[in-house]
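Asker: One structure is given below, represented as structure tokens, and several questions about it will come after.
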Amino acid sequence: MVRQPSVLGRFSSRLHDERTASWLGIWLGVSFGVAFLTGLISHFMQQPPDWLRWPSRPVNLYRVTQGLHVIGGLATIPLLLAKMWTVYPKLFQWPSLRSVRHAVERGLIFLLVAAALFQMLTGLLNIAYWYAFPFFFTVAHYWTGYILIGALIIHVVNEWSKVQRTVMKRPEDGVNRRAFLFTVAAASGAVMLTTVGETFSPLARLAVLAPRRPGVGPARLPVNTSAVAAGVTTTARKPGWTLTVTGRVEKELTFTMAELRALPQHTERLPISCVEGWSASGDWTGVRLRDLLRMAGVAADAQVRVESLQRGGPYRKSWVDPPHWRDPLTLLALDLNGAPLDLDHGSPCRLIAPNRPGVLQTKWLHTVVVA
């Protein structure tokens with residue numbers, strides 16, 4: 001019998017080795033872990049279970065965690081591509097399945113790679129506002145995150161002894177490997193440098209890859225959903241607009257714009273922090289939500305729902321839990337940066353609260369319901 005030459009012989013680069021793959025795997029493991037944890041924070045802030053009450057302080061907590069989630073996720077792309085390039089010769093090993101255990105291992109690796117690529121691709125499309133898929137992004141991204149982290153944990157447990165052995169072993173040809181790993185790290189760093197300005201304003205000019213940058217937009221603040229897209233250009237401008245406080249209250253209240261402006265006005269500097277990773281701060285002026293609710297007579301543990309003039313969409317209503325509506329920083333804003341709200345920023349009135357995702361800073365308000 002003539003033994004066929006190993007297909008692996010075609011891959012002559014010494015970078016297709018366990019040591020390079022191990023270092024990239026460690027970096028990816030840390031990156032995926034951070035992305036999973038910060039992703040959970042974002043998900044449960046938007047859809048908290050009944051037992052969970054997110055605090056309103058620190059003010060910039062969501063800004064930091066979601067910025068880390070998106071910007072760190074983008075920086076992971078060069079790591080993932082380098083890792084796949086390093087290990088792809090194993091796809092050509094023969095026999096491809098040596099045992100039942102080997103088949104299970106390869107199946108889990110396929111699941112891991114598929115989940116990672118899915119998260120990266122859909123995440124990129126989401127921050128680019130291009131929803132070229134038939135499913136709801138946040139639901140798919142959330143559940144695929146569990147698949148990814150579960151497959152990753154199993155893979156780490158299975159490969160840990162090999163990683164320890166190869167990482168601790170003294171390399172014989174470290175120069176090429178160090179140059180390769182440095183290049184990959186530099187690529188990730190470049191991605192971070194050109195996107196971090198979307199949430200860290202001092203570096204905004206460097207954020208050439210960011211979909212939104214601080215200082216760009218009406219009143220020097222970016223906009224995600226415009227009034228045209230929300231279908232409120234007519235209703236939000238309609239004369240006679242009023243804001244109603246209703247539900248489980250001692251006294252139902254209705255305010256015209258003039259009556260709202262006659263109440264004590266407060267100015268707070270708060271960020272809009274969006275799920276796409278960008279954040280920008282503004283000086284918001286308006287009435288404290290807790291002041292209106294106390295005027296109406298509500299219980300200290302009441303649940304509050306704010307409703308928009310927008311007629312459709314999953315975010316036309318949002319819940320404001322006690323830690324937020326009792327916070328003096330939470331406003332029903334009428335002005336932004338010293339001028340009346342632009343229509344795209346939620347005129348005539350919008351919610352702005354600390355440590356809250358941008359999609360829950362409801363715009364074009366007309367009703368506050370106490371449940």
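If you're wondering about the labels, chains in the structure tokens are A, B, ... by order shown, residues count from 1 in each chain, ligands from 1 in order shown.
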Quick one: which segment 65-146 of chain A residues come within 12 Å of segment 252-276 of chain A, and what is the nearest atom pair for each with the distance in Å to one decimal, counting only C-alpha atoms, rows ordered by chain and ascending number, as a tab-separated table?
Answerer:
residue	atom	partner	partner_atom	distance
A:Thr65	CA	A:Ser273	CA	10.0
A:Gln66	CA	A:Val275	CA	6.5
A:Gly67	CA	A:Glu276	CA	8.2
A:Leu68	CA	A:Glu276	CA	10.9
A:His69	CA	A:Val275	CA	9.1
A:Val70	CA	A:Glu276	CA	6.7
A:Ile71	CA	A:Glu276	CA	9.4
A:Gly73	CA	A:Glu276	CA	11.1
A:Leu74	CA	A:Glu276	CA	11.3
A:Thr122	CA	A:Glu276	CA	11.6
A:Gly123	CA	A:Glu276	CA	8.5
A:Leu124	CA	A:Glu276	CA	9.2
A:Leu125	CA	A:Glu276	CA	10.0
A:Asn126	CA	A:Glu276	CA	6.9
A:Ile127	CA	A:Glu276	CA	4.8
A:Ala128	CA	A:Glu276	CA	8.4
A:Tyr129	CA	A:Glu276	CA	8.7
A:Trp130	CA	A:Glu276	CA	11.8
A:Phe137	CA	A:Val275	CA	11.3
A:Thr138	CA	A:Val275	CA	9.6
Asker: Atoms to include: all heavy atoms. Write the selected residues as a short mmCIF file (atom, residue, chain, number, x, y, z; two decimals), in the first residue's frame.
Answerer:
data_model
loop_
_atom_site.label_atom_id
_atom_site.label_comp_id
_atom_site.auth_asym_id
_atom_site.auth_seq_id
_atom_site.Cartn_x
_atom_site.Cartn_y
_atom_site.Cartn_z
N THR A 65 -20.81 50.34 29.47
CA THR A 65 -20.96 48.91 29.17
C THR A 65 -21.34 48.67 27.72
O THR A 65 -20.81 47.76 27.07
CB THR A 65 -22.00 48.27 30.09
OG1 THR A 65 -23.28 48.92 29.92
CG2 THR A 65 -21.58 48.37 31.55
N GLN A 66 -22.23 49.49 27.16
CA GLN A 66 -22.63 49.26 25.77
C GLN A 66 -21.55 49.72 24.80
O GLN A 66 -21.35 49.11 23.74
CB GLN A 66 -23.95 49.97 25.47
CG GLN A 66 -24.57 49.56 24.15
CD GLN A 66 -24.91 48.07 24.07
OE1 GLN A 66 -24.91 47.37 25.09
NE2 GLN A 66 -25.19 47.57 22.88
N GLY A 67 -20.82 50.78 25.17
CA GLY A 67 -19.69 51.17 24.34
C GLY A 67 -18.64 50.08 24.31
O GLY A 67 -18.08 49.76 23.25
N LEU A 68 -18.38 49.48 25.47
CA LEU A 68 -17.43 48.37 25.54
C LEU A 68 -17.92 47.18 24.73
O LEU A 68 -17.14 46.50 24.05
CB LEU A 68 -17.22 47.97 27.00
CG LEU A 68 -16.16 46.89 27.29
CD1 LEU A 68 -14.79 47.36 26.84
CD2 LEU A 68 -16.14 46.57 28.79
N HIS A 69 -19.22 46.93 24.76
CA HIS A 69 -19.80 45.80 24.03
C HIS A 69 -19.60 45.96 22.52
O HIS A 69 -19.12 45.03 21.84
CB HIS A 69 -21.29 45.71 24.34
CG HIS A 69 -22.01 44.60 23.63
ND1 HIS A 69 -21.91 43.28 24.01
CD2 HIS A 69 -22.81 44.61 22.54
CE1 HIS A 69 -22.62 42.52 23.20
NE2 HIS A 69 -23.18 43.31 22.29
N VAL A 70 -19.95 47.12 22.00
CA VAL A 70 -19.90 47.32 20.54
C VAL A 70 -18.47 47.55 20.06
O VAL A 70 -18.01 46.92 19.10
CB VAL A 70 -20.80 48.49 20.13
CG1 VAL A 70 -20.63 48.81 18.65
CG2 VAL A 70 -22.26 48.16 20.43
N ILE A 71 -17.75 48.45 20.72
CA ILE A 71 -16.39 48.77 20.27
C ILE A 71 -15.47 47.56 20.48
O ILE A 71 -14.64 47.23 19.62
CB ILE A 71 -15.87 50.01 21.00
CG1 ILE A 71 -16.74 51.22 20.63
CG2 ILE A 71 -14.41 50.29 20.65
CD1 ILE A 71 -16.56 52.41 21.53
N GLY A 73 -16.50 44.49 20.52
CA GLY A 73 -16.92 43.50 19.54
C GLY A 73 -16.32 43.75 18.18
O GLY A 73 -15.89 42.82 17.48
N LEU A 74 -16.26 45.02 17.77
CA LEU A 74 -15.63 45.35 16.49
C LEU A 74 -14.14 45.00 16.51
O LEU A 74 -13.60 44.50 15.52
CB LEU A 74 -15.82 46.84 16.19
CG LEU A 74 -17.24 47.28 15.83
CD1 LEU A 74 -17.32 48.80 15.77
CD2 LEU A 74 -17.69 46.67 14.52
N THR A 122 -24.27 40.05 12.11
CA THR A 122 -25.50 40.76 12.46
C THR A 122 -25.22 41.99 13.31
O THR A 122 -25.92 43.00 13.20
CB THR A 122 -26.47 39.83 13.20
OG1 THR A 122 -25.83 39.28 14.38
CG2 THR A 122 -26.93 38.69 12.30
N GLY A 123 -24.17 41.92 14.15
CA GLY A 123 -23.79 43.09 14.92
C GLY A 123 -23.34 44.23 14.02
O GLY A 123 -23.71 45.39 14.23
N LEU A 124 -22.53 43.90 13.00
CA LEU A 124 -22.10 44.92 12.04
C LEU A 124 -23.29 45.52 11.30
O LEU A 124 -23.37 46.76 11.12
CB LEU A 124 -21.13 44.30 11.04
CG LEU A 124 -19.66 44.21 11.43
CD1 LEU A 124 -18.89 43.43 10.37
CD2 LEU A 124 -19.05 45.60 11.60
N LEU A 125 -24.21 44.69 10.85
CA LEU A 125 -25.38 45.19 10.13
C LEU A 125 -26.24 46.06 11.04
O LEU A 125 -26.82 47.06 10.59
CB LEU A 125 -26.20 44.02 9.58
CG LEU A 125 -25.53 43.19 8.49
CD1 LEU A 125 -26.42 42.03 8.09
CD2 LEU A 125 -25.19 44.05 7.28
N ASN A 126 -26.32 45.72 12.33
CA ASN A 126 -27.13 46.50 13.25
C ASN A 126 -26.56 47.89 13.45
O ASN A 126 -27.30 48.89 13.40
CB ASN A 126 -27.23 45.77 14.60
CG ASN A 126 -28.05 46.56 15.60
OD1 ASN A 126 -29.25 46.80 15.41
ND2 ASN A 126 -27.42 46.97 16.69
N ILE A 127 -25.26 48.01 13.69
CA ILE A 127 -24.70 49.34 13.92
C ILE A 127 -24.68 50.16 12.63
O ILE A 127 -24.57 51.40 12.69
CB ILE A 127 -23.29 49.28 14.53
CG1 ILE A 127 -22.29 48.65 13.57
CG2 ILE A 127 -23.31 48.54 15.86
CD1 ILE A 127 -20.86 48.73 14.06
N ALA A 128 -24.78 49.48 11.47
CA ALA A 128 -24.88 50.19 10.19
C ALA A 128 -26.33 50.50 9.83
O ALA A 128 -26.59 51.11 8.79
CB ALA A 128 -24.24 49.36 9.08
N TYR A 129 -27.30 50.08 10.69
CA TYR A 129 -28.72 50.32 10.47
C TYR A 129 -29.20 49.69 9.16
O TYR A 129 -30.06 50.24 8.48
CB TYR A 129 -29.04 51.82 10.49
CG TYR A 129 -28.55 52.51 11.73
CD1 TYR A 129 -27.38 53.26 11.71
CD2 TYR A 129 -29.24 52.40 12.93
CE1 TYR A 129 -26.91 53.88 12.84
CE2 TYR A 129 -28.77 53.01 14.08
CZ TYR A 129 -27.60 53.75 14.04
OH TYR A 129 -27.14 54.36 15.18
N TRP A 130 -28.63 48.55 8.82
CA TRP A 130 -29.04 47.82 7.61
C TRP A 130 -29.58 46.46 8.05
O TRP A 130 -28.83 45.53 8.29
CB TRP A 130 -27.86 47.65 6.65
CG TRP A 130 -28.26 46.99 5.36
CD1 TRP A 130 -29.47 47.04 4.75
CD2 TRP A 130 -27.43 46.15 4.53
NE1 TRP A 130 -29.47 46.31 3.58
CE2 TRP A 130 -28.22 45.75 3.43
CE3 TRP A 130 -26.11 45.72 4.61
CZ2 TRP A 130 -27.73 44.93 2.42
CZ3 TRP A 130 -25.62 44.91 3.60
CH2 TRP A 130 -26.42 44.53 2.52
N PHE A 137 -33.42 41.62 15.44
CA PHE A 137 -32.00 41.53 15.77
C PHE A 137 -31.76 41.22 17.24
O PHE A 137 -30.98 40.32 17.57
CB PHE A 137 -31.30 42.84 15.40
CG PHE A 137 -29.92 42.97 15.99
CD1 PHE A 137 -28.86 42.24 15.48
CD2 PHE A 137 -29.70 43.78 17.10
CE1 PHE A 137 -27.59 42.33 16.05
CE2 PHE A 137 -28.44 43.88 17.66
CZ PHE A 137 -27.38 43.16 17.14
N THR A 138 -32.38 41.96 18.15
CA THR A 138 -32.04 41.81 19.57
C THR A 138 -32.35 40.42 20.10
O THR A 138 -31.59 39.88 20.91
CB THR A 138 -32.78 42.87 20.41
OG1 THR A 138 -34.18 42.78 20.16
CG2 THR A 138 -32.31 44.27 20.06
#
Asker: Separation of atom CA of Thr367 of chain A and atom CA of Lys317 of chain A, in Å?
Answerer: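 Atom CA of Lys317 of chain A lies 9.7 Å from atom CA of Thr367 of chain A.
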Asker: Of the candidates A:Trp278, A:Trp325, A:Trp160, A:Trp85, which one gets nearest to Leu221 of chain A if we count only C-alpha atoms?
Answerer: A:Trp278
Asker: Using only C-alpha atoms, which residue out of A:Lys238, A:Arg101, A:His16, A:Arg53 lies closest to Met84 of chain A?
Answerer: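 Using only C-alpha atoms, Met84 of chain A sits closest to A:His16.
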Asker: Between A:Tyr88, A:Tyr142, A:Trp94, A:Phe180, which has the minimum distance to Phe44 of chain A (counting only C-alpha atoms)?
Answerer: A:Tyr142
